[in-house]
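entry_7.cif, holding mmCIF, C-alpha atoms:
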```cif
data_input
#
loop_
_atom_site.label_atom_id
_atom_site.label_comp_id
_atom_site.auth_asym_id
_atom_site.auth_seq_id
_atom_site.Cartn_x
_atom_site.Cartn_y
_atom_site.Cartn_z
CA MET P 21 0.00 0.00 0.00
CA ARG P 22 2.74 2.41 1.02
CA ASP P 23 4.76 1.44 -2.06
CA ILE P 24 1.86 2.26 -4.33
CA PHE P 25 1.31 5.53 -2.51
CA ASN P 26 4.95 6.53 -2.88
CA GLN P 27 4.81 5.67 -6.54
CA GLU P 28 1.69 7.79 -6.94
CA LEU P 29 3.28 10.69 -5.10
CA ARG P 30 6.26 10.48 -7.46
CA GLN P 31 3.90 10.49 -10.43
CA LEU P 32 2.19 13.56 -8.99
CA GLY P 33 5.53 15.32 -8.58
CA SER P 34 6.55 14.46 -12.11
CA ASP P 35 3.24 15.70 -13.55
CA LEU P 36 3.61 18.95 -11.63
CA THR P 37 7.19 19.35 -12.88
CA SER P 38 6.03 18.79 -16.42
CA MET P 39 3.21 21.31 -16.00
CA ALA P 40 5.59 23.95 -14.62
CA ALA P 41 7.97 23.34 -17.54
CA GLN P 42 5.11 23.82 -20.00
CA VAL P 43 4.12 27.08 -18.32
CA ALA P 44 7.74 28.27 -18.54
CA THR P 45 7.76 27.46 -22.25
CA ALA P 46 4.45 29.29 -22.70
CA ILE P 47 5.70 32.52 -21.18
CA GLU P 48 9.02 32.23 -23.05
CA ARG P 49 7.13 31.98 -26.32
CA ALA P 50 4.75 34.78 -25.36
CA ALA P 51 7.79 37.00 -24.72
CA GLU P 52 9.29 35.92 -28.04
CA SER P 53 6.10 36.75 -29.91
CA LEU P 54 6.27 40.26 -28.42
CA ARG P 55 9.94 40.66 -29.22
CA ASN P 56 9.85 39.37 -32.79
CA GLY P 57 6.20 39.88 -33.70
CA ASP P 58 6.20 36.17 -34.48
CA ILE P 59 2.61 35.07 -35.06
CA ILE P 60 3.48 31.35 -35.33
CA VAL P 61 5.01 31.40 -31.88
CA ALA P 62 1.99 33.28 -30.53
CA GLU P 63 -0.29 30.59 -31.98
CA GLN P 64 1.81 27.90 -30.30
CA VAL P 65 1.26 29.49 -26.90
CA ILE P 66 -2.47 29.68 -27.49
CA ASP P 67 -2.71 26.06 -28.69
CA ALA P 68 -0.46 24.70 -25.93
CA ASP P 69 -2.65 26.17 -23.20
CA GLU P 70 -5.16 23.37 -23.72
CA ARG P 71 -2.52 20.82 -22.73
CA ILE P 72 -1.71 22.80 -19.60
CA ASN P 73 -5.40 22.83 -18.71
CA ASP P 74 -5.60 19.06 -19.31
CA LEU P 75 -2.62 18.48 -17.05
CA GLN P 76 -4.27 20.47 -14.31
CA ARG P 77 -7.39 18.35 -14.53
CA ASP P 78 -5.26 15.18 -14.38
CA ILE P 79 -3.36 16.42 -11.33
CA ASP P 80 -6.59 17.50 -9.70
CA ASP P 81 -8.18 14.09 -10.27
CA MET P 82 -5.09 12.32 -9.00
CA CYS P 83 -5.00 14.43 -5.82
CA VAL P 84 -8.66 13.77 -5.05
CA MET P 85 -8.15 10.07 -5.73
CA LEU P 86 -5.11 10.00 -3.44
CA LEU P 87 -6.97 11.79 -0.66
CA ALA P 88 -9.92 9.44 -0.93
CA ARG P 89 -7.99 6.19 -1.22
CA GLN P 90 -4.87 6.78 0.83
CA GLN P 91 -6.19 9.23 3.40
CA PRO P 92 -2.76 10.75 3.92
CA VAL P 93 -1.84 12.64 7.06
CA ALA P 94 0.93 15.04 8.09
CA GLY P 95 3.61 15.54 5.44
CA ASP P 96 1.87 13.37 2.86
CA LEU P 97 -1.34 15.35 3.20
CA ARG P 98 0.55 18.60 2.84
CA ASN P 99 2.24 17.21 -0.24
CA VAL P 100 -1.02 16.34 -1.94
CA LEU P 101 -2.78 19.58 -1.00
CA SER P 102 0.20 21.63 -2.17
CA ALA P 103 0.19 19.85 -5.53
CA LEU P 104 -3.52 20.54 -5.86
CA ARG P 105 -3.01 24.24 -5.27
CA MET P 106 0.16 24.68 -7.25
CA ALA P 107 -1.48 23.04 -10.26
CA GLN P 108 -4.31 25.55 -9.97
CA THR P 109 -1.84 28.43 -9.88
CA LEU P 110 0.20 27.08 -12.80
CA GLU P 111 -2.96 26.66 -14.83
CA ARG P 112 -3.75 30.33 -14.28
CA GLN P 113 -0.22 31.28 -15.33
CA GLY P 114 -0.77 29.38 -18.56
CA ASP P 115 -3.89 31.47 -19.18
CA LEU P 116 -1.96 34.68 -18.60
CA ALA P 117 0.80 33.66 -21.04
CA ARG P 118 -1.95 32.89 -23.54
CA HIS P 119 -3.53 36.32 -23.00
CA VAL P 120 -0.23 38.06 -23.74
CA ALA P 121 0.24 35.97 -26.89
CA THR P 122 -3.35 36.73 -27.93
CA ILE P 123 -2.66 40.47 -27.81
CA ALA P 124 0.60 40.01 -29.74
CA ARG P 125 -1.25 37.99 -32.38
CA GLY P 126 -4.20 40.38 -32.52
CA ARG P 127 -2.07 43.32 -33.68
CA TYR P 128 0.07 41.36 -36.18
CA PRO P 129 1.96 42.45 -38.30
CA GLU P 130 2.16 45.60 -36.15
CA ALA P 131 3.73 45.51 -32.71
CA PRO P 132 0.96 45.87 -30.10
CA VAL P 133 2.54 49.05 -28.75
CA PRO P 134 5.31 51.37 -30.02
CA GLU P 135 8.64 52.04 -28.34
CA PRO P 136 9.56 52.87 -25.64
CA VAL P 137 6.47 51.26 -24.09
CA LEU P 138 7.14 48.06 -26.04
CA GLY P 139 10.65 47.86 -24.60
CA LEU P 140 9.31 48.10 -21.06
CA ILE P 141 6.62 45.48 -21.70
CA ILE P 142 9.29 43.18 -23.14
CA THR P 143 11.44 43.78 -20.04
CA MET P 144 8.41 42.80 -17.93
CA ALA P 145 7.90 39.73 -20.10
CA GLU P 146 11.56 38.78 -19.61
CA ALA P 147 11.16 39.09 -15.84
CA ALA P 148 8.10 36.85 -16.13
CA VAL P 149 10.14 34.35 -18.18
CA ARG P 150 12.76 34.24 -15.44
CA ALA P 151 9.99 33.69 -12.88
CA GLY P 152 8.50 30.90 -15.01
CA ARG P 153 11.87 29.15 -15.36
CA ASP P 154 12.66 29.55 -11.67
CA VAL P 155 9.29 28.11 -10.71
CA ALA P 156 9.83 25.14 -13.03
CA GLU P 157 13.21 24.51 -11.42
CA LEU P 158 11.80 25.02 -7.92
CA VAL P 159 9.01 22.51 -8.51
CA GLU P 160 11.59 19.99 -9.67
CA THR P 161 14.34 20.61 -7.12
CA ARG P 162 12.48 22.09 -4.12
CA ASP P 163 15.49 24.32 -3.59
CA LEU P 164 14.32 26.95 -1.12
CA GLU P 165 16.97 29.47 -2.08
CA LEU P 166 15.23 29.60 -5.41
CA ALA P 167 11.94 30.31 -3.64
CA ALA P 168 13.52 33.37 -2.03
CA THR P 169 14.93 34.48 -5.38
CA ILE P 170 11.53 34.21 -7.02
CA GLU P 171 9.96 36.42 -4.38
CA ARG P 172 12.76 38.98 -4.67
CA ASN P 173 12.52 39.10 -8.45
CA ASP P 174 8.78 39.61 -8.25
CA ALA P 175 9.36 42.90 -6.45
CA GLU P 176 11.26 44.01 -9.57
CA LEU P 177 8.38 42.99 -11.79
CA ASP P 178 6.02 45.01 -9.60
CA ALA P 179 8.32 48.03 -9.92
CA LEU P 180 8.36 47.63 -13.71
CA HIS P 181 4.57 47.45 -13.62
CA ARG P 182 4.34 50.76 -11.78
CA GLN P 183 6.82 52.22 -14.25
CA SER P 184 4.61 51.06 -17.13
CA PHE P 185 1.76 53.28 -15.87
CA GLN P 186 4.11 56.29 -15.75
CA MET P 187 5.24 55.55 -19.28
CA ILE P 188 1.69 55.14 -20.55
CA LEU P 189 0.72 58.45 -18.92
CA ASP P 190 3.71 60.33 -20.34
CA PRO P 191 2.31 62.50 -23.19
CA ALA P 192 5.71 62.34 -24.90
CA ASN P 193 4.89 58.72 -25.77
CA GLU P 194 2.45 58.69 -28.66
CA LEU P 195 -0.15 55.99 -28.14
CA THR P 196 -3.54 55.30 -29.63
CA ARG P 197 -6.28 54.29 -27.24
CA GLN P 198 -6.02 50.71 -28.47
CA GLN P 199 -2.33 50.80 -27.60
CA VAL P 200 -3.10 52.17 -24.15
CA ILE P 201 -5.60 49.34 -23.64
CA ASP P 202 -3.12 46.71 -24.82
CA ALA P 203 -0.28 48.10 -22.72
CA VAL P 204 -2.46 48.19 -19.58
CA LEU P 205 -3.69 44.64 -20.13
CA MET P 206 -0.28 43.17 -20.96
CA GLY P 207 1.22 44.90 -17.93
CA ARG P 208 -1.54 43.50 -15.76
CA PHE P 209 -1.19 39.96 -17.14
CA LEU P 210 2.58 39.92 -16.67
CA GLU P 211 2.38 41.37 -13.19
CA ARG P 212 -0.20 38.71 -12.23
CA PHE P 213 2.03 36.03 -13.72
CA GLY P 214 4.71 37.20 -11.30
CA ASP P 215 2.31 37.20 -8.33
CA HIS P 216 1.38 33.60 -9.08
CA SER P 217 5.06 32.65 -9.23
CA THR P 218 5.52 34.12 -5.78
CA SER P 219 2.48 32.21 -4.64
CA VAL P 220 4.03 28.90 -5.82
CA ALA P 221 7.33 29.86 -4.20
CA ARG P 222 5.63 30.50 -0.85
CA ARG P 223 3.69 27.27 -1.01
CA MET P 224 6.86 25.37 -1.72
CA ALA P 225 8.67 27.08 1.17
CA TYR P 226 5.74 26.12 3.39
CA LEU P 227 5.70 22.57 2.12
CA VAL P 228 9.43 21.94 2.48
CA SER P 229 10.18 23.87 5.66
CA GLY P 230 6.81 23.96 7.37
CA ALA P 231 7.36 27.70 7.70
CA ALA P 232 4.38 29.97 8.09
CA LEU P 233 2.71 30.94 4.88
CA PRO P 234 2.54 34.73 4.74
CA GLY P 235 -0.11 36.15 2.48
CA THR P 236 -1.35 33.09 0.61
CA HIS P 237 -3.78 35.37 -1.09
CA ASP P 238 -1.07 36.36 -3.57
CA ASP P 239 -2.25 39.85 -4.14
CA GLU P 240 0.60 42.28 -4.28
CA ASP P 241 -0.83 44.64 -6.80
CA ALA P 242 -2.89 47.09 -4.79
CA ASP P 243 -0.23 49.77 -4.71
CA ALA P 244 -0.04 49.85 -8.47
CA LEU P 245 -3.59 51.16 -8.67
CA HIS P 246 -3.16 54.53 -7.06
CA MET V 19 -16.54 11.08 16.24
CA ARG V 20 -19.11 11.37 13.51
CA ASP V 21 -21.05 13.88 15.62
CA ILE V 22 -18.02 16.09 15.99
CA PHE V 23 -17.30 15.80 12.29
CA ASN V 24 -20.85 16.82 11.39
CA GLN V 25 -20.63 19.74 13.73
CA GLU V 26 -17.33 20.81 12.16
CA LEU V 27 -18.80 20.49 8.67
CA ARG V 28 -21.67 22.73 9.74
CA GLN V 29 -19.20 25.25 11.11
CA LEU V 30 -17.32 25.14 7.82
CA GLY V 31 -20.56 25.76 5.90
CA SER V 32 -21.47 28.64 8.15
CA ASP V 33 -18.02 30.25 7.81
CA LEU V 34 -18.23 29.94 4.05
CA THR V 35 -21.71 31.50 4.05
CA SER V 36 -20.45 34.36 6.15
CA MET V 37 -17.48 34.85 3.84
CA ALA V 38 -19.70 34.91 0.74
CA ALA V 39 -21.99 37.46 2.44
CA GLN V 40 -18.99 39.68 3.20
CA VAL V 41 -17.84 39.48 -0.41
CA ALA V 42 -21.35 40.44 -1.56
CA THR V 43 -21.26 43.46 0.77
CA ALA V 44 -17.80 44.40 -0.52
CA ILE V 45 -18.88 44.49 -4.16
CA GLU V 46 -22.13 46.31 -3.23
CA ARG V 47 -20.12 49.01 -1.51
CA ALA V 48 -17.58 49.17 -4.33
CA ALA V 49 -20.47 49.76 -6.76
CA GLU V 50 -21.91 52.40 -4.42
CA SER V 51 -18.57 54.20 -4.22
CA LEU V 52 -18.55 54.38 -8.01
CA ARG V 53 -22.16 55.54 -8.21
CA ASN V 54 -21.98 58.19 -5.51
CA GLY V 55 -18.26 58.97 -5.40
CA ASP V 56 -18.51 58.07 -1.73
CA ILE V 57 -14.99 57.86 -0.32
CA ILE V 58 -16.13 56.60 3.11
CA VAL V 59 -17.79 53.60 1.51
CA ALA V 60 -14.70 52.98 -0.64
CA GLU V 61 -12.56 52.97 2.52
CA GLN V 62 -14.93 50.46 4.13
CA VAL V 63 -14.41 48.03 1.25
CA ILE V 64 -10.65 48.37 1.49
CA ASP V 65 -10.63 47.88 5.29
CA ALA V 66 -13.09 44.98 5.23
CA ASP V 67 -10.94 42.99 2.82
CA GLU V 68 -8.60 42.09 5.69
CA ARG V 69 -11.47 40.29 7.43
CA ILE V 70 -12.28 38.38 4.26
CA ASN V 71 -8.63 37.33 4.03
CA ASP V 72 -8.68 36.22 7.68
CA LEU V 73 -11.81 34.17 7.08
CA GLN V 74 -10.14 32.44 4.18
CA ARG V 75 -7.18 31.48 6.34
CA ASP V 76 -9.54 30.15 9.02
CA ILE V 77 -11.48 28.08 6.50
CA ASP V 78 -8.26 26.85 4.98
CA ASP V 79 -6.89 25.76 8.36
CA MET V 80 -10.16 24.10 9.27
CA CYS V 81 -10.23 22.15 5.99
CA VAL V 82 -6.67 20.91 6.41
CA MET V 83 -7.42 19.96 10.01
CA LEU V 84 -10.56 18.10 8.94
CA LEU V 85 -8.70 16.23 6.21
CA ALA V 86 -5.91 15.26 8.60
CA ARG V 87 -8.07 14.26 11.55
CA GLN V 88 -11.23 12.89 9.99
CA GLN V 89 -9.83 11.53 6.73
CA PRO V 90 -13.17 11.96 5.01
CA VAL V 91 -14.10 10.00 1.90
CA ALA V 92 -16.73 10.30 -0.83
CA GLY V 93 -19.25 13.09 -0.27
CA ASP V 94 -17.55 14.37 2.88
CA LEU V 95 -14.23 14.67 1.10
CA ARG V 96 -15.87 16.52 -1.76
CA ASN V 97 -17.50 18.85 0.73
CA VAL V 98 -14.24 19.76 2.41
CA LEU V 99 -12.30 20.18 -0.85
CA SER V 100 -15.07 22.32 -2.30
CA ALA V 101 -15.04 24.57 0.74
CA LEU V 102 -11.26 24.89 0.43
CA ARG V 103 -11.53 25.99 -3.17
CA MET V 104 -14.58 28.19 -2.86
CA ALA V 105 -12.92 30.09 -0.01
CA GLN V 106 -9.93 30.68 -2.26
CA THR V 107 -12.18 32.03 -5.01
CA LEU V 108 -14.19 34.22 -2.63
CA GLU V 109 -10.97 35.65 -1.23
CA ARG V 110 -9.94 36.65 -4.74
CA GLN V 111 -13.35 38.27 -5.29
CA GLY V 112 -12.79 40.33 -2.15
CA ASP V 113 -9.49 41.56 -3.63
CA LEU V 114 -11.21 42.54 -6.87
CA ALA V 115 -13.93 44.50 -5.02
CA ARG V 116 -11.14 46.24 -3.13
CA HIS V 117 -9.33 47.10 -6.37
CA VAL V 118 -12.46 48.74 -7.76
CA ALA V 119 -12.93 50.71 -4.55
CA THR V 120 -9.25 51.73 -4.62
CA ILE V 121 -9.68 53.26 -8.07
CA ALA V 122 -12.87 55.04 -6.98
CA ARG V 123 -11.04 56.43 -3.94
CA GLY V 124 -7.93 57.37 -5.89
CA ARG V 125 -9.80 59.82 -8.13
CA TYR V 126 -11.95 61.39 -5.39
CA PRO V 127 -13.67 63.89 -5.55
CA GLU V 128 -13.72 63.32 -9.33
CA ALA V 129 -15.47 60.30 -10.81
CA PRO V 130 -12.79 57.91 -12.11
CA VAL V 131 -14.19 58.16 -15.66
CA PRO V 132 -16.71 60.48 -17.32
CA GLU V 133 -20.07 59.52 -18.81
CA PRO V 134 -21.05 57.50 -20.75
CA VAL V 135 -18.15 55.19 -19.82
CA LEU V 136 -18.96 55.63 -16.13
CA GLY V 137 -22.54 54.50 -16.75
CA LEU V 138 -21.35 51.32 -18.41
CA ILE V 139 -18.83 50.57 -15.65
CA ILE V 140 -21.59 51.09 -13.08
CA THR V 141 -23.83 48.70 -15.05
CA MET V 142 -21.00 46.18 -14.95
CA ALA V 143 -20.60 46.77 -11.22
CA GLU V 144 -24.33 46.19 -10.74
CA ALA V 145 -24.09 42.90 -12.63
CA ALA V 146 -21.19 41.97 -10.34
CA VAL V 147 -23.31 42.90 -7.31
CA ARG V 148 -26.06 40.57 -8.53
CA ALA V 149 -23.45 37.84 -8.98
CA GLY V 150 -22.07 38.45 -5.49
CA ARG V 151 -25.54 38.26 -3.91
CA ASP V 152 -26.46 35.17 -5.92
CA VAL V 153 -23.26 33.43 -4.87
CA ALA V 154 -23.91 34.29 -1.21
CA GLU V 155 -27.40 32.82 -1.50
CA LEU V 156 -26.10 29.78 -3.40
CA VAL V 157 -23.48 29.02 -0.77
CA GLU V 158 -26.19 29.18 1.89
CA THR V 159 -29.01 27.35 0.11
CA ARG V 160 -27.17 25.15 -2.44
CA ASP V 161 -30.04 25.86 -4.81
CA LEU V 162 -28.79 24.66 -8.19
CA GLU V 163 -31.21 26.82 -10.17
CA LEU V 164 -29.31 29.74 -8.77
CA ALA V 165 -26.06 28.19 -10.01
CA ALA V 166 -27.49 28.18 -13.54
CA THR V 167 -28.66 31.78 -13.16
CA ILE V 168 -25.20 32.89 -12.06
CA GLU V 169 -23.62 31.35 -15.11
CA ARG V 170 -26.22 32.91 -17.42
CA ASN V 171 -25.78 36.35 -15.89
CA ASP V 172 -22.03 36.12 -16.26
CA ALA V 173 -22.46 35.94 -20.02
CA GLU V 174 -24.13 39.37 -19.77
CA LEU V 175 -21.23 40.72 -17.76
CA ASP V 176 -18.82 39.44 -20.41
CA ALA V 177 -20.88 41.19 -23.10
CA LEU V 178 -20.78 44.44 -21.11
CA HIS V 179 -17.02 44.01 -20.81
CA ARG V 180 -16.64 43.74 -24.59
CA GLN V 181 -18.88 46.78 -24.95
CA SER V 182 -16.64 48.71 -22.56
CA PHE V 183 -13.71 48.32 -24.97
CA GLN V 184 -15.81 49.66 -27.84
CA MET V 185 -16.84 52.61 -25.72
CA ILE V 186 -13.26 53.32 -24.64
CA LEU V 187 -12.14 53.18 -28.28
CA ASP V 188 -14.90 55.50 -29.51
CA PRO V 189 -13.23 58.88 -30.17
CA ALA V 190 -16.56 60.60 -29.45
CA ASN V 191 -15.95 59.79 -25.78
CA GLU V 192 -13.39 62.20 -24.39
CA LEU V 193 -11.03 60.39 -22.06
CA THR V 194 -7.63 61.19 -20.63
CA ARG V 195 -5.08 58.39 -20.61
CA GLN V 196 -5.55 58.00 -16.88
CA GLN V 197 -9.25 57.52 -17.49
CA VAL V 198 -8.55 54.94 -20.20
CA ILE V 199 -6.28 53.08 -17.74
CA ASP V 200 -8.91 53.22 -14.98
CA ALA V 201 -11.73 52.12 -17.27
CA VAL V 202 -9.70 49.18 -18.60
CA LEU V 203 -8.70 48.06 -15.11
CA MET V 204 -12.16 48.43 -13.58
CA GLY V 205 -13.67 46.55 -16.52
CA ARG V 206 -11.13 43.79 -16.07
CA PHE V 207 -11.67 43.54 -12.29
CA LEU V 208 -15.45 43.39 -12.63
CA GLU V 209 -15.30 40.86 -15.42
CA ARG V 210 -12.97 38.66 -13.34
CA PHE V 211 -15.32 39.02 -10.37
CA GLY V 212 -18.01 37.54 -12.60
CA ASP V 213 -15.75 34.69 -13.76
CA HIS V 214 -15.05 33.75 -10.16
CA SER V 215 -18.79 33.76 -9.40
CA THR V 216 -19.29 31.30 -12.24
CA SER V 217 -16.46 29.22 -10.86
CA VAL V 218 -18.18 28.99 -7.45
CA ALA V 219 -21.48 28.18 -9.16
CA ARG V 220 -19.90 25.32 -11.10
CA ARG V 221 -18.19 23.94 -8.04
CA MET V 222 -21.46 23.99 -6.17
CA ALA V 223 -23.25 22.26 -9.04
CA TYR V 224 -20.51 19.63 -9.01
CA LEU V 225 -20.69 19.25 -5.25
CA VAL V 226 -24.46 18.92 -5.02
CA SER V 227 -25.22 16.97 -8.17
CA GLY V 228 -21.91 15.21 -8.82
CA ALA V 229 -22.21 16.53 -12.37
CA ALA V 230 -19.08 16.94 -14.45
CA LEU V 231 -17.22 20.14 -13.87
CA PRO V 232 -16.75 21.88 -17.20
CA GLY V 233 -13.89 24.32 -17.39
CA THR V 234 -12.85 24.67 -13.76
CA HIS V 235 -10.15 26.96 -14.94
CA ASP V 236 -12.65 29.82 -14.90
CA ASP V 237 -11.21 31.73 -17.77
CA GLU V 238 -13.88 33.09 -20.01
CA ASP V 239 -12.17 36.24 -21.00
CA ALA V 240 -10.04 35.32 -23.97
CA ASP V 241 -12.50 36.60 -26.55
CA ALA V 242 -12.48 40.06 -25.04
CA LEU V 243 -8.83 40.52 -25.93
CA HIS V 244 -9.04 40.52 -29.70
#
```
Have the structure of the file written as C-alpha cells, please.
Amino acid sequence: MRDIFNQELRQLGSDLTSMAAQVATAIERAAESLRNGDIIVAEQVIDADERINDLQRDIDDMCVMLLARQQPVAGDLRNVLSALRMAQTLERQGDLARHVATIARGRYPEAPVPEPVLGLIITMAEAAVRAGRDVAELVETRDLELAATIERNDAELDALHRQSFQMILDPANELTRQQVIDAVLMGRFLERFGDHSTSVARRMAYLVSGAALPGTHDDEDADALH
Amino acid sequence: MRDIFNQELRQLGSDLTSMAAQVATAIERAAESLRNGDIIVAEQVIDADERINDLQRDIDDMCVMLLARQQPVAGDLRNVLSALRMAQTLERQGDLARHVATIARGRYPEAPVPEPVLGLIITMAEAAVRAGRDVAELVETRDLELAATIERNDAELDALHRQSFQMILDPANELTRQQVIDAVLMGRFLERFGDHSTSVARRMAYLVSGAALPGTHDDEDADALH
C-alpha cells in the first residue's frame, strides 16, 4: 500500500514538474512573440494552453483520488494539497501567457505598442520568463533558495509594472487608445504572472520547511492602482 | 466522532456563508462608491478585505485539520475540498472589489471616468453585485437553479465588458489616458469578479449533483482581448 502511494506521489511530482515546464515554455514563447512579432510562436502558446489545462485536470483528479484512497496525514497530506493548489496556480499562469500571446497575435503584423512602451513590456515579459523558469526549477528541485529568489525578483516585476503606468501616462509617448488598452492589459497579465510565481514559491517554502505561509492570497498589486 | 465531524462540517458551511456574504457586501459598496463617489464607503471596502482574508485562512486551516483528523471519503471529502476551493475564489473576489474601490477612492472627488463610460462601468458593477448576492445565496441554500442563473448572468457581464472596450475606443468619448487606464482596469476587475462567481457556481453544481465540472479553470475572457 505504502509502495503504491509513494509511486503515486512520485507520479504527482513528475506531472507537476512537467506542468511547470510547459508554463515556462508558454511565457518564453509569449515574450518571443512580443519581441519578434512572431505570429506562429503566438499561436503555439495559445494552442499549448489546452494541454496545460488538461494536465491540471489530471493532477486534480489524482490528488482527489489520493486523498480518498490513501487518506494521507501530516507531510503526505501537505504534499497532496500543495500539488492541488500549485497546479491551480500554474494553470492560471498558462492562461496569462496565452492572454499576452493573444494580444501580440491580434495586432500582427504591427507591434501591439510602439517604443519605448514596447521595450518596457518586453522587459516585464523577460522578468516573467525568469519567474516561469525559476518556478519550473523550484518545482523539480524544491530548492528553497530559489523560492527566495523568485519572491525577490517579483518585487522588480512590480516596480516595472508601476513604471509602465508612468510611461503610458507620459504625453511624450504617442499611443492610440487601443495601444493604451493593450499596454495596460499586458502589464496586468505579466504582473499577475509574477504574483502567481511568488504564490508557488511561498507554497513550496511552506511545504518543504513547514514555515508559516505569509499572504497566501497572492495579491501584491494594490499599490499599483493609485 | 461522527457527531463532531458533522458539527465541524456545519461550522465550515457557516463560515463559508459568512465569507460569501462579506464578499457580496464588498462588491455592493464598491459599486456604491462608483455611483456616488462616496470615499467613506470605498474605505470600508478596502478595510473589510482584511477580514475576508482572515476568514479564508480560518477556512483553509479548518479544511486541512478536517482532512488530517477525519480523513473523510466520498461526499464528505468533496464537501471539504469544495469549501477549500470556494474560499480561495471568494478571497480573490474580495481583492477585486477592493481594487475597484481603490480606483474610486484614488480619483476622489472626481469620478474615475466620465459619462457614458462611467454608466457602463456602473452597469458592470451592478451585474457583479447581482453575482455576489447570488453566490452568497447559493453558498447558503445550495439551490442549483441559482447556479445556472449565475452562469447565465455572467455571459451578460462578459458582453458588457466587450462593450466597454468599444466605448473606450470610440473617439466621441473624451477620455484622458488616466481615465482609459482606470476604465480598462475596472472593466477587467469586474469581469474577473463575474468569472469567479461562475467558478463557485460550477463547483457547487458539481458538489451537489456530482455533475461533471466543465472548465474549472474559470477563464472566459479570452474573446475580449481581440
For P:Ala168, please output as a ChimeraX atom specification all residues within 12 Å (counting only C-alpha atoms; exclusion window: fewer than 3 positions along the same chain). /P:151,154-155,158,162-165,171-175,217-226
Interface, chain V side, toward chain P (8 Å; only C-alpha atoms) as a PDB file with C-alpha atoms, keeping the file's coordinate frame:
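What landed in part.pdb:
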```
ATOM      1  CA  ASN V  71      -8.630  37.330   4.030  1.00  0.00           C
ATOM      2  CA  LEU V  85      -8.700  16.230   6.210  1.00  0.00           C
ATOM      3  CA  ALA V  86      -5.910  15.260   8.600  1.00  0.00           C
ATOM      4  CA  ARG V  87      -8.070  14.260  11.550  1.00  0.00           C
ATOM      5  CA  GLN V  89      -9.830  11.530   6.730  1.00  0.00           C
ATOM      6  CA  PRO V  90     -13.170  11.960   5.010  1.00  0.00           C
ATOM      7  CA  VAL V  91     -14.100  10.000   1.900  1.00  0.00           C
ATOM      8  CA  ALA V  92     -16.730  10.300  -0.830  1.00  0.00           C
ATOM      9  CA  LEU V  95     -14.230  14.670   1.100  1.00  0.00           C
ATOM     10  CA  GLN V 106      -9.930  30.680  -2.260  1.00  0.00           C
ATOM     11  CA  GLU V 109     -10.970  35.650  -1.230  1.00  0.00           C
ATOM     12  CA  ARG V 110      -9.940  36.650  -4.740  1.00  0.00           C
ATOM     13  CA  ASP V 113      -9.490  41.560  -3.630  1.00  0.00           C
ATOM     14  CA  HIS V 117      -9.330  47.100  -6.370  1.00  0.00           C
ATOM     15  CA  THR V 120      -9.250  51.730  -4.620  1.00  0.00           C
ATOM     16  CA  ILE V 121      -9.680  53.260  -8.070  1.00  0.00           C
ATOM     17  CA  GLY V 124      -7.930  57.370  -5.890  1.00  0.00           C
ATOM     18  CA  ILE V 186     -13.260  53.320 -24.640  1.00  0.00           C
ATOM     19  CA  LEU V 187     -12.140  53.180 -28.280  1.00  0.00           C
ATOM     20  CA  ARG V 195      -5.080  58.390 -20.610  1.00  0.00           C
ATOM     21  CA  GLN V 196      -5.550  58.000 -16.880  1.00  0.00           C
ATOM     22  CA  VAL V 198      -8.550  54.940 -20.200  1.00  0.00           C
ATOM     23  CA  ILE V 199      -6.280  53.080 -17.740  1.00  0.00           C
ATOM     24  CA  VAL V 202      -9.700  49.180 -18.600  1.00  0.00           C
ATOM     25  CA  LEU V 203      -8.700  48.060 -15.110  1.00  0.00           C
ATOM     26  CA  HIS V 235     -10.150  26.960 -14.940  1.00  0.00           C
ATOM     27  CA  ASP V 237     -11.210  31.730 -17.770  1.00  0.00           C
ATOM     28  CA  ALA V 240     -10.040  35.320 -23.970  1.00  0.00           C
ATOM     29  CA  LEU V 243      -8.830  40.520 -25.930  1.00  0.00           C
ATOM     30  CA  HIS V 244      -9.040  40.520 -29.700  1.00  0.00           C
TER      31      HIS V 244
END
```
Just want the 8 Å neighbourhood of P:Leu29, counted on all atoms listed in the file, with same-chain residues fewer than 4 positions away dropped. Output as a PyMOL selection string. chain P and resi 25+33+100
Residues as selected, C-alpha atoms, written as a PDB file, keeping the file's coordinate frame, can you do that?
```
ATOM      1  CA  PHE P  25       1.310   5.530  -2.510  1.00  0.00           C
ATOM      2  CA  GLY P  33       5.530  15.320  -8.580  1.00  0.00           C
ATOM      3  CA  VAL P 100      -1.020  16.340  -1.940  1.00  0.00           C
TER       4      VAL P 100
END
```
Point out the residue among P:Glu63, P:Glu157, P:Glu70, P:Asp78 with the least atom-to-atom distance to P:Ala44, counting only C-alpha atoms. P:Glu157
Could you list, as a ChimeraX atom specification, every residue within 9 Å of V:Val135, counting all atoms listed in the file and ignoring same-chain residues fewer than 2 positions away? /V:131-133,137-140,182,185-186,191,201
List, as a ChimeraX atom specification, every residue that the PyMOL selection byres ((chain P and resi 117) around 10) selects in the file provided. /P:43-51,62,65-66,69,112-116,118-122,145,148-149,206,209-210,213
Mind pulling up the distance from atom CA of P:Leu36 to atom CA of P:Leu54? 27.3 Å
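Among the candidate residues P:Thr143, P:Asn56, P:Thr161, P:Asn99, the one lying nearest to P:Glu28 is P:Asn99, with distances computed using only C-alpha atoms.
From atom CA of V:Arg148 back to atom CA of V:Leu108, the distance works out to 14.7 Å.
Atom CA of V:Ala38 to atom CA of V:Val157 spans 7.2 Å [interatomic distance, one decimal].
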Which centre and which edge lengths, in Å to one decimal, describe the axis-aligned box that holds all listed atoms of stretch 211-221 of chain P after 8 Å is added on each side, as JSON?
```
{"center_x": 3.6, "center_y": 35.1, "center_z": -9.0, "size_x": 23.5, "size_y": 28.5, "size_z": 25.5}
```
